[in-house]
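A.B. asks: Can you read through this structure? Questions will come right after.
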Amino acid sequence: MVKGRIRARLRRSHLYTFLRKPKGNEAGGAPHPIQGPGYSRTVHCNQPLLHQKKPFKYRSNYISTTKYNPITFFPKALFEQFRRVANIYFLLAAGLSLTPVSPFGPWSMIAPLAFVVGLSMVKEAVEDWNRFLQDMKVNLRKVHVHKGDGVFGHRPWHKILVGDVVKVEKDQFFPADLLLLSSSYEDGFCYVETMNLDGETNLKVKRCLEATSPLDDDAAFKDFRATVQCEDPNPNLYSFVGNLDHDRQVYPLEPGQILLRDSKLRNTSYIYGVVIFAGHDSKVMQNSTKSPSKRSAIEKKMDKIIYILFFLLLVISLISSIGFGVKTKRDTPKAWYLRPDDAEDMYSPKKPDVAGLIHLVTALILYGYLIPISLYVSIEIVKVLQARFINNDIHMYDEEHGIPANARTSNLNEELGQVDTILSDKTGTLTCNQMDFLKCCIAGIAYGVRSSEVELAAAKQMATDLEDQDEHDEELANVPRKSQGASWGNEVGSEIELETVVTSKDGKDPKPAIKGFSFLDSRLMDGNWIKEPTCDVILLFLRILAVCHTAIPELSEETGQYTYEAESPDEGAFLVAARELGFEFCKRNQSSVYVRERYPDPEQPVEREYKILNILEFTSKRKRMSVIVRDEDGQLLLFCKGADSIIFDRLSKNGRIYEEASTKHLNEYGEAGLRTLALAYRKLEESEYDAWNNEFQKAKTCIGADREVMLERVAEKMEKDLIMVGATAVEDKLQKGVPQCIDNLAQAGLKIWVLTGDKMETAINIGFACSLLRQGMKQICISTANLETLGQDGKEAVKDNVLNQITNASQMIKLERDPHAAFALIIDGKTLTYALEDDMKHLFLELAVDCASVICCRVSPKQKALVTRLVRQGTGKTTLAIGDGANDVGMIQEADIGVGISGVEGMQAVMASDFAIAQFRYLERLLVVHGHWCYKRIAQMICYFFYKNIAFGLTLFYFEAFTGFSGQSIYDDWYMLSFNVILTSLPVISLGVFEQDVSSEVCLQFPALYQQGARNLFFDWYRILGWMGNGVYCSLIVFFLNIITFKDQSFRSNGQIADMAAMGTTMFSGIIWAVNCQIALAMCHFTWIQHCFIWGSIAMWYIFLLIYGMMSFSGNAYQILVEVLGPAPIFWLATLLVTLACNLPYIVHIAFQRSFNPMDHHIIQEIKYYRKDVEDQRMWKREASKARQETKIGFSARVDAKIRQLRAKLHKKHTHTNTMSPL
C-alpha cells in the first residue's frame, strides 16, 4: 500500500483504457467556456459554509416527497376537500342554516359537514405522515464527511451541504451529485452501478482527474481547496459541463467524473468526492415532479352525478318556490285567522314573488337529502378498509424479504380495476438479471436437450388440445377410432415427445442446479466433447466463450469457484458455461487473460495465457464485440461474437460451411424464446495486424466528436472474412412469475409498454423473454442511428425522417391482411425526442396503440414521464406505471396509478408511488383481484347511495306538494338525521368492503372478468340512470301506496285515522325496509357481517323508535310504536306491501338478465352454485380457456404461435405421408 491506499487486484479494465486520455490533454487541454445563462454555479470545495450565504444560498440535501407540510396542510387539504362539489353545496347549506328561513337547526347541517371534512383531512394527514417517515429513512442515512483538519465523521444525508467532501464506501449509495476526487484504485477510477437511474445493470467506470488523484487518504484533505464552475441544476443525466480550478490550473470536467445521487459504488473500496448538487438540485430529483393530487375516474364522474342531482334539486326547489308563491297569493287572503294583512314578507300575499324567493332557500335546504353528504365519509371509510385488505393480503407478501403490499394512498383503489395500459420499467421490475446457458449449436450440430419454458408450455397445451379433440371425436362417432386415426394420433404424440425432451439420453440424474447454467448434454459434458468428430471446432467455441469478454473474475471463498462481474448477464452465463465445460477463466490483468483448460487431459487442467492486444467494444450500433489475442503458440486470432445477421454478413466464402445448419437451429432457438448470439473467428497475419493496429491506435487517441466514428470504421476493416464456429442460446431469467403475470394481464385485456434506460438489444431480448415479443412478430424499429452524423442544420431532416418512418409504419399496419399478424414498436430515446414534439406525438401515439407491444429504450426519466403523460392524455384511459428505481419516479407520478417495487434497491420509487409491492408478479393480484373487487364495490356502493337518497329525498317533495308547498317535512327531524348515519350506513359499508361477485381464485382463472372494470360496465350512465330511476320509482311507491292505504280510513280499532306522525313513521318504515332489502338483493357474497348489518339496521329502526318514543322531547312521536303503530295490523301490512312493490322490478330485471342476457360473472356464479367446477373439471377448464381476451402478446400468444407452427408441420408431414402411401 502507498499512503494507506488499497491497491486493487485489477489495475484497469478495458473501459478504463478507452476512457483514459493522454496526460498532456488533461492539463493543457482547453477548459470549457463557462459563461452565460445556465452556467452560473460556483462551488468552493471543502468550504461548505460559504454556500449558505448570499449570493449562493444553495439548497440543502434534505429531500421531501410529501404533499403537505405544517404550513400548507390546512389550506391545501381544505382545497382538496372542497374540490368535491357536494361539499361546496353543504358548505353553502350550512351557512344558510344560520338564517331564519332554514327548516332545520344550524347544528344539524354544520356538524355532519365538519365531521365529513375533518375525517377526510385526518386520513390525508396520516397518509402524508407515512410518506414523511419514508423520506426520513433516506434523509437519515449516514455518510463520512470531512469535518476539518483531515478528520472525517458520520453525518446524516440531510445535513450535507454543497462543497462538503464526503467519503463513500463500497456498496453505499452516493448521497448527492459528487465530483469524483480520488478512489481506492491507484489510477483513480471506480465502478458505479446506475440501475436506480437508467435501469442498466452493467457497471460504469468513472475516473477522477489526475490532478486530484493524489488525495488518497483522510489527512490529504486538511488544506484542500478548489473551485468548480459548472452548469446550473438540470435533469439531464448524461451530460455535465464544468471546470475545476485547482493549484492555479483549470481542468475541464466531463460526465465521466460525476457520481450521481442514488447510484451505488461497486467493486471499489472507497471514493472521495465533493458535493456539486444537493437535495432537490441533484439530477435524479430534477427528474422527479411534485407529488400530484390524483383523483379516480369514478370520483370525477361522481361530481357529474352530483351536478345532475343539483339540477334535480334546483328544479323541484323552483317548483316548490313557484307553488308556494302562487299558494300565498291565492289562498293566504282567505285565511283571515292568519292576519295576512300583517304578515311578514315570507307569507305576505302582497309580495308573492318575495315569498317564493325566500321559500326557494327553504326548499334548497329541505331537499338537501337528495345530495348524500355521508357518501363521501362512507367512501373514505370503505377505501381505508379496502387498503387494509390489500396490505394484509398474504398472497402479496414477499417471504424472502419480509415485505408486504402497501396501499400508500386509498384514494385510487377503484382505479386499479379500470387500468387500460401498463407502463413498466425493465431492470429490477421485470428482470432479475440472470441468464441461463441452455443450448448451443457447434459446427452445425445442436447440443442441449433441456427445453425452454415456451417449448414445454406449447407441448403441454397441444397435448391437452389433442386429447380434447380425440374425446370429442369419439363422442360424435360413438365408435372406436380407425387405424388411420390411431396412427395420426401416435404420430402427433411422437412429434410432441421430440419437441419436449427434458432429460439426458443416458437417463442419469442431472447435477445440482448451477446459477447461469441449465445446459444438459452428455456429448459435451465431463470432457466427452473430445470424442466428438468436430472436437477441433468445439475447442475453438469454448475458447471464444472463455476469452471474448470484458468480465472480471472473483474467487468465492464459500464455494472455491470463480464468479464473474460482467457487463451483461449473458456474458456472465457464457463464462459459467465455459467453466462447467472445462475452460475456466481465472485471472485478468492489464494485458492478458488466463484460462484453466481441461484439455487435452480432462483430469489435468492447464492454465493458458491469452494476451489481449485489442478489444473492439459492443455497441448497440455494432451489435458485436471482438477481441484480438495472441495465444501461447504466438498465433494471432480474432474472436468475435454478435447478432447472427451481423456475423453472417462478415463470413468468408470458406467460413460458411455451417451457416445453413446454424441458421436452422438459430430459428428454432428464437421460436423457443431464447436469446442467441453467433460466434466466429479469424486467423491474422503479423503484417496485416501491425498495419491495422497503427491505424487503430491513431483513432483511439484522437480527441473530438469523430473519435467513435473513426474507431468504428477501423474496427470494420478487421471484422471481416470470419469463419463460423457456432451459436449460443441462453434463457433470460425474469423475476419469479413475470411471464405468467404478463400473460394473465394480457389475457385480462391490458396493454403493456416497457420504458427502459437500457440499450435496444437488451430491451428487445427482455421483450422476447417475457413474451412481449415473439418469433414471427413484425418489429417496427424507429431510429435515427444512421443520421447521427448530421450537424445542427440536419435536425429538420432527422425530424422529417422520423415522421416518414412513423407514417410508413402506420400505413403498413393498415394494409396488413393476416389476422394473426402482430406488430411491435421499438424506439430509442433520441428518436423519441422528435416523436414527442407537439406536431408528431399524436401520430406516434396512434402507431403505438395499433401495435401489440411497445418498447422504448435508452429513455431518460423525463422521457418516461412524457410518454406516460402522452398515453394518459392521448387515450383518455387509465394508465398505470410501475418501477423500482429513482429513474421511474417521474412516470410513477405522471400516471393515473403509480406502483413502486419495494425491492432491495433504493426506495425512491416507493416513496413516490400510490401502491407498493415487493415483486412485479404481485401486480396481477393487485389488479385482477383487488382492482376488480374494489371497482365493483365502489361502483355499486355509489349507485346504491344515490338510489336510497333519491328514494328518501323525493318523498319530502311529494309531501310538500301534497300539502300546498308549505315547507313542512313529514318526517321527524331525528328520523332524518338517523337515516344516513345509523339506519342505512352500515349495510352500504359492508357492500363496499366485503362484496365479491366471484372469489379471488376465479378472478385469476378468468382474467377476462377484469374488462368489466376497464369497460366501466358497472358505472356507466345506463347503470347510473337505472339506479336513479329505481330510486324515483321507489319514492313514488313509498309515498302514494301509503297515502292510498291510510287516506280516508281508520287504521285503529277505535276508528282513529292516521295523523302526520303516524303517516310519516309508516312511510319511513317502508323506506328502511325497501332500501335494506334492495342492498341484500344486490349483494352476491354474504358473510355473517353483512347479515348482521342489513337485518340489524332494520331492527335498529324499531329499537330507535321504541327508545325515542319514551323520550319527553319526542313530541308527536311519543310512544308511537307501542301505543299507535304496533297494535295496528295495517301498519305492518303496509310496510310489507311497500317493501315487495319497491323491490319487485329489480327482482324481475335480474331474473330476466340472468336467464336471457347473463354477464360473465353470472355464468360463473351459476357454475359454482351447481358445483360443476368440481364435478366436471374439463368443462371448467374449457370455460376458463374461453374467458381469455384475445391477445397477441404474452406467453399464451407465443404458445399459440408455436402450436400453429407445430400443426402446420404435422399437417405437412401427414399430407406428405398420404401422398407417398399406395392406394
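Labels used: A, B, ... for chains in the order of the C-alpha cells, numbers from 1 for residues in each chain, and numbers from 1 for ligands as shown.
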Among stretch 230-330 of chain A, which ones does DSSP place in helix (DSSP H, G or I), written as a CSV table (one decimal) with N, CA and C atoms, in the first residue's frame?
C.D. replies:
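The result, stored in out20.csv:
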```csv
chain,number,residue,atom,x,y,z
A,255,PRO,N,-18.9,14.3,-17.8
A,255,PRO,CA,-19.8,13.3,-17.1
A,255,PRO,C,-19.0,12.2,-16.5
A,256,GLY,N,-17.9,11.8,-17.0
A,256,GLY,CA,-17.1,10.6,-16.5
A,256,GLY,C,-16.6,10.9,-15.1
A,257,GLN,N,-16.6,12.1,-14.6
A,257,GLN,CA,-16.1,12.4,-13.3
A,257,GLN,C,-17.2,12.7,-12.3
A,279,GLY,N,-29.6,17.6,-2.6
A,279,GLY,CA,-31.1,17.6,-2.5
A,279,GLY,C,-31.9,17.6,-3.8
A,280,HIS,N,-32.8,18.6,-3.8
A,280,HIS,CA,-33.7,18.7,-5.0
A,280,HIS,C,-32.9,19.3,-6.2
A,281,ASP,N,-31.7,19.8,-6.0
A,281,ASP,CA,-30.9,20.2,-7.1
A,281,ASP,C,-30.2,19.1,-7.9
A,283,LYS,N,-29.5,15.7,-10.0
A,283,LYS,CA,-30.1,15.3,-11.3
A,283,LYS,C,-31.3,14.4,-11.1
A,284,VAL,N,-31.2,13.4,-10.2
A,284,VAL,CA,-32.3,12.5,-10.1
A,284,VAL,C,-33.5,13.1,-9.5
A,285,MET,N,-33.4,14.1,-8.6
A,285,MET,CA,-34.5,14.8,-8.1
A,285,MET,C,-35.0,15.8,-9.1
A,286,GLN,N,-34.2,16.4,-10.0
A,286,GLN,CA,-34.6,17.2,-11.0
A,286,GLN,C,-35.5,16.5,-12.0
A,297,ALA,N,-61.2,8.1,-11.7
A,297,ALA,CA,-62.2,8.4,-12.7
A,297,ALA,C,-63.6,8.4,-12.1
A,298,ILE,N,-63.9,7.4,-11.2
A,298,ILE,CA,-65.2,7.3,-10.6
A,298,ILE,C,-65.5,8.5,-9.8
A,299,GLU,N,-64.5,9.0,-9.1
A,299,GLU,CA,-64.8,10.2,-8.2
A,299,GLU,C,-65.1,11.4,-9.1
A,300,LYS,N,-64.4,11.5,-10.2
A,300,LYS,CA,-64.7,12.6,-11.2
A,300,LYS,C,-66.0,12.5,-11.8
A,301,LYS,N,-66.4,11.3,-12.1
A,301,LYS,CA,-67.8,11.1,-12.7
A,301,LYS,C,-68.8,11.3,-11.6
A,302,MET,N,-68.5,11.0,-10.3
A,302,MET,CA,-69.4,11.2,-9.3
A,302,MET,C,-69.8,12.7,-9.2
A,303,ASP,N,-68.8,13.6,-9.5
A,303,ASP,CA,-69.1,15.0,-9.5
A,303,ASP,C,-70.2,15.3,-10.5
A,304,LYS,N,-70.1,14.7,-11.7
A,304,LYS,CA,-71.1,14.9,-12.7
A,304,LYS,C,-72.5,14.4,-12.2
A,305,ILE,N,-72.6,13.3,-11.5
A,305,ILE,CA,-73.8,12.9,-11.0
A,305,ILE,C,-74.4,13.9,-9.9
A,306,ILE,N,-73.4,14.4,-9.1
A,306,ILE,CA,-73.8,15.4,-8.2
A,306,ILE,C,-74.4,16.6,-8.9
A,307,TYR,N,-73.8,17.0,-10.0
A,307,TYR,CA,-74.4,18.1,-10.8
A,307,TYR,C,-75.8,17.8,-11.3
A,308,ILE,N,-76.1,16.5,-11.7
A,308,ILE,CA,-77.4,16.1,-12.1
A,308,ILE,C,-78.4,16.2,-10.9
A,309,LEU,N,-77.9,15.8,-9.8
A,309,LEU,CA,-78.8,15.9,-8.6
A,309,LEU,C,-79.0,17.3,-8.2
A,310,PHE,N,-78.0,18.2,-8.3
A,310,PHE,CA,-78.1,19.6,-8.1
A,310,PHE,C,-79.2,20.2,-9.0
A,311,PHE,N,-79.1,19.8,-10.3
A,311,PHE,CA,-80.1,20.2,-11.2
A,311,PHE,C,-81.5,19.8,-10.8
A,312,LEU,N,-81.6,18.5,-10.4
A,312,LEU,CA,-82.9,18.0,-9.9
A,312,LEU,C,-83.4,18.7,-8.7
A,313,LEU,N,-82.4,19.0,-7.8
A,313,LEU,CA,-82.8,19.7,-6.5
A,313,LEU,C,-83.2,21.1,-6.9
A,314,LEU,N,-82.6,21.8,-7.8
A,314,LEU,CA,-82.9,23.1,-8.2
A,314,LEU,C,-84.3,23.1,-8.9
A,315,VAL,N,-84.6,22.1,-9.7
A,315,VAL,CA,-85.9,22.1,-10.4
A,315,VAL,C,-87.0,21.9,-9.4
A,316,ILE,N,-86.9,20.9,-8.5
A,316,ILE,CA,-88.0,20.7,-7.6
A,316,ILE,C,-88.1,21.9,-6.6
A,317,SER,N,-87.0,22.5,-6.3
A,317,SER,CA,-87.0,23.7,-5.4
A,317,SER,C,-87.7,24.8,-6.1
A,318,LEU,N,-87.4,25.0,-7.4
A,318,LEU,CA,-88.1,26.1,-8.1
A,318,LEU,C,-89.6,25.8,-8.2
A,319,ILE,N,-90.0,24.5,-8.4
A,319,ILE,CA,-91.4,24.1,-8.5
A,319,ILE,C,-92.0,24.4,-7.1
A,320,SER,N,-91.3,24.0,-6.1
A,320,SER,CA,-91.8,24.3,-4.7
A,320,SER,C,-92.0,25.8,-4.5
A,321,SER,N,-91.0,26.6,-4.9
A,321,SER,CA,-91.0,28.0,-4.7
A,321,SER,C,-92.1,28.7,-5.5
A,322,ILE,N,-92.3,28.3,-6.8
A,322,ILE,CA,-93.4,28.8,-7.6
A,322,ILE,C,-94.7,28.4,-7.0
A,323,GLY,N,-94.8,27.2,-6.6
A,323,GLY,CA,-96.1,26.7,-6.0
A,323,GLY,C,-96.4,27.5,-4.7
A,324,PHE,N,-95.4,27.7,-3.9
A,324,PHE,CA,-95.6,28.5,-2.6
A,324,PHE,C,-96.0,29.9,-2.9
A,325,GLY,N,-95.4,30.5,-3.9
A,325,GLY,CA,-95.8,31.9,-4.3
A,325,GLY,C,-97.2,32.0,-4.8
A,326,VAL,N,-97.6,31.0,-5.6
A,326,VAL,CA,-99.0,31.0,-6.1
A,326,VAL,C,-99.9,30.8,-5.0
A,327,LYS,N,-99.6,29.8,-4.1
A,327,LYS,CA,-100.5,29.5,-3.0
A,327,LYS,C,-100.6,30.7,-2.0
A,328,THR,N,-99.5,31.4,-1.8
A,328,THR,CA,-99.5,32.5,-0.9
A,328,THR,C,-100.4,33.6,-1.5
A,329,LYS,N,-100.3,33.9,-2.8
A,329,LYS,CA,-101.1,34.9,-3.4
A,329,LYS,C,-102.6,34.6,-3.5
A,330,ARG,N,-103.0,33.3,-3.7
A,330,ARG,CA,-104.4,32.9,-3.9
A,330,ARG,C,-105.1,32.6,-2.6
```
A.B. asks: Taking the chain letters and numbering used in this document, name the residues of stretch 214-401 of chain A that DSSP puts in strand (DSSP E), as a list in words.
C.D. replies: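 Output for stretch 214-401 of chain A, strand (DSSP E) only: Ala226, Thr227, Val228, Gln229, Cys230, Gly242, Asn243, Leu244, Asp245, His246, Gln249, Val250, Tyr251, Pro252, Leu253, Ile258, Leu259, Lys264, Leu265, Arg266, Tyr270, Ile271, Tyr272, Gly273, Val274, Val275, Ile276 and Phe277 of chain A.
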A.B. asks: Using only C-alpha atoms, which residues sit within 6 Å of A:Cys208 once same-chain residues fewer than 6 positions away are excluded, as a list in words?
C.D. replies: Leu180, Leu181, Ser182, Gly188 and Gln257 of chain A
A.B. asks: For N, CA and C atoms, I'd like the residues from the last selection saved as a PDB file, in the first residue's frame.
C.D. replies:
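part-v3.pdb written:
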```pdb
ATOM      1  N   LEU A 180     -15.951  13.301  -8.499  1.00  0.00           N
ATOM      2  CA  LEU A 180     -15.002  12.289  -8.029  1.00  0.00           C
ATOM      3  C   LEU A 180     -13.613  12.901  -7.923  1.00  0.00           C
ATOM      4  N   LEU A 181     -13.035  12.816  -6.721  1.00  0.00           N
ATOM      5  CA  LEU A 181     -11.697  13.365  -6.482  1.00  0.00           C
ATOM      6  C   LEU A 181     -10.627  12.274  -6.500  1.00  0.00           C
ATOM      7  N   SER A 182     -10.924  11.117  -5.884  1.00  0.00           N
ATOM      8  CA  SER A 182      -9.952  10.020  -5.866  1.00  0.00           C
ATOM      9  C   SER A 182     -10.662   8.752  -5.438  1.00  0.00           C
ATOM     10  N   GLY A 188      -7.250   6.066  -9.833  1.00  0.00           N
ATOM     11  CA  GLY A 188      -8.352   6.983  -9.564  1.00  0.00           C
ATOM     12  C   GLY A 188      -9.653   6.669 -10.257  1.00  0.00           C
ATOM     13  N   GLN A 257     -16.586  12.118 -14.646  1.00  0.00           N
ATOM     14  CA  GLN A 257     -16.071  12.419 -13.306  1.00  0.00           C
ATOM     15  C   GLN A 257     -17.193  12.710 -12.304  1.00  0.00           C
TER      16      GLN A 257
END
```
A.B. asks: Between atom CA of A:Asp743 and atom CA of A:Ile1203, what is the spacing in Å?
C.D. replies: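 Atom-to-atom, atom CA of A:Ile1203 to atom CA of A:Asp743, that is 16.4 Å.
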A.B. asks: Using only C-alpha atoms, which residues sit within 12 Å of A:Arg295 once same-chain residues fewer than 4 positions away are excluded, as a PyMOL selection string?
C.D. replies: chain A and resi 80-81+83-84+299-303+409-415+878+895-897+914
A.B. asks: Using only C-alpha atoms, can you tell me which of A:Ile110, A:Met976, A:Leu197, A:Leu832 comes closest to A:Leu956?
C.D. replies: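 Comparing A:Ile110, A:Met976, A:Leu197, A:Leu832 against A:Leu956, the winner is A:Met976.
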A.B. asks: Between atom CA of A:Lys611 and atom CA of A:Glu567, what distance in Å does the model show, to one decimal?
C.D. replies: 20.4 Å
A.B. asks: Would you mind telling me which residue in A:His246, A:Arg261, A:His1149, A:His1161 lies nearest to A:Phe1006 when using only C-alpha atoms?
C.D. replies: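 That would be A:His1161, the residue with the smallest distance to A:Phe1006.
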A.B. asks: Grab the atom CA of A:Ala881 to atom CA of A:Val754 distance for me, in Å with one decimal place.
C.D. replies: 9.8 Å
A.B. asks: Report as a VMD selection string all protein, DNA and RNA residues lying within 10 Å of stretch 626-638 of chain A, evaluated on only C-alpha atoms, omitting residues in the same chain fewer than 2 positions from it.
C.D. replies: chain A and resid 544 547 to 550 591 to 593 608 to 618 624 640 to 642 679 to 686 689 715 718 to 720 722
A.B. asks: Using C-alpha atoms, can you export the residues from the last selection as a compact mmCIF listing (two decimals), in the first residue's frame?
C.D. replies:
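part_13.txt was written with the following content:
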```txt
# COMPACT_ATOMS: atom_id res chain seq x y z
CA ILE A 544 -14.16 -17.93 -27.62
CA VAL A 547 -11.70 -15.25 -23.81
CA CYS A 548 -14.01 -12.93 -25.78
CA HIS A 549 -15.44 -10.79 -22.95
CA THR A 550 -14.66 -7.90 -20.59
CA SER A 591 -2.61 -7.19 -20.91
CA SER A 592 -3.76 -10.80 -20.60
CA VAL A 593 -6.50 -13.21 -19.58
CA ARG A 608 -3.00 -20.87 -20.53
CA GLU A 609 -2.37 -17.19 -21.16
CA TYR A 610 -4.02 -15.22 -23.94
CA LYS A 611 -2.50 -11.79 -24.48
CA ILE A 612 -5.24 -9.22 -25.13
CA LEU A 613 -3.98 -6.93 -27.86
CA ASN A 614 -7.22 -5.07 -28.65
CA ILE A 615 -10.84 -5.01 -27.59
CA LEU A 616 -13.47 -3.83 -30.04
CA GLU A 617 -16.37 -3.00 -27.80
CA PHE A 618 -20.01 -3.96 -28.15
CA ARG A 624 -20.99 -7.35 -31.89
CA CYS A 640 -15.94 -12.34 -32.44
CA LYS A 641 -19.46 -12.77 -31.08
CA GLY A 642 -22.59 -10.88 -32.06
CA LEU A 679 -19.57 -16.99 -32.66
CA ALA A 680 -16.83 -16.74 -35.28
CA TYR A 681 -13.06 -16.36 -35.52
CA ARG A 682 -10.28 -15.41 -37.88
CA LYS A 683 -6.54 -16.07 -38.00
CA LEU A 684 -4.42 -12.95 -38.58
CA GLU A 685 -1.04 -12.34 -40.19
CA GLU A 686 1.54 -10.24 -38.32
CA TYR A 689 -2.26 -6.77 -37.82
CA ALA A 715 -12.87 -1.96 -36.47
CA MET A 718 -10.65 -6.09 -39.17
CA GLU A 719 -14.02 -7.81 -38.55
CA LYS A 720 -14.33 -9.46 -41.96
CA LEU A 722 -14.70 -14.61 -40.46
```
A.B. asks: Please list as a VMD selection string every residue within 8 Å of A:Thr676, counting only C-alpha atoms and excluding residues in the same chain fewer than 2 positions away.
C.D. replies: chain A and resid 643 to 644 666 669 to 670 674 678 727 to 730
A.B. asks: Looking at A:Asn139, A:Gly527, A:Glu380, A:Leu98, which one is nearest to A:Ile63, with distances taken over only C-alpha atoms?
C.D. replies: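 Residue with the minimum atom-to-atom distance to A:Ile63: A:Asn139.
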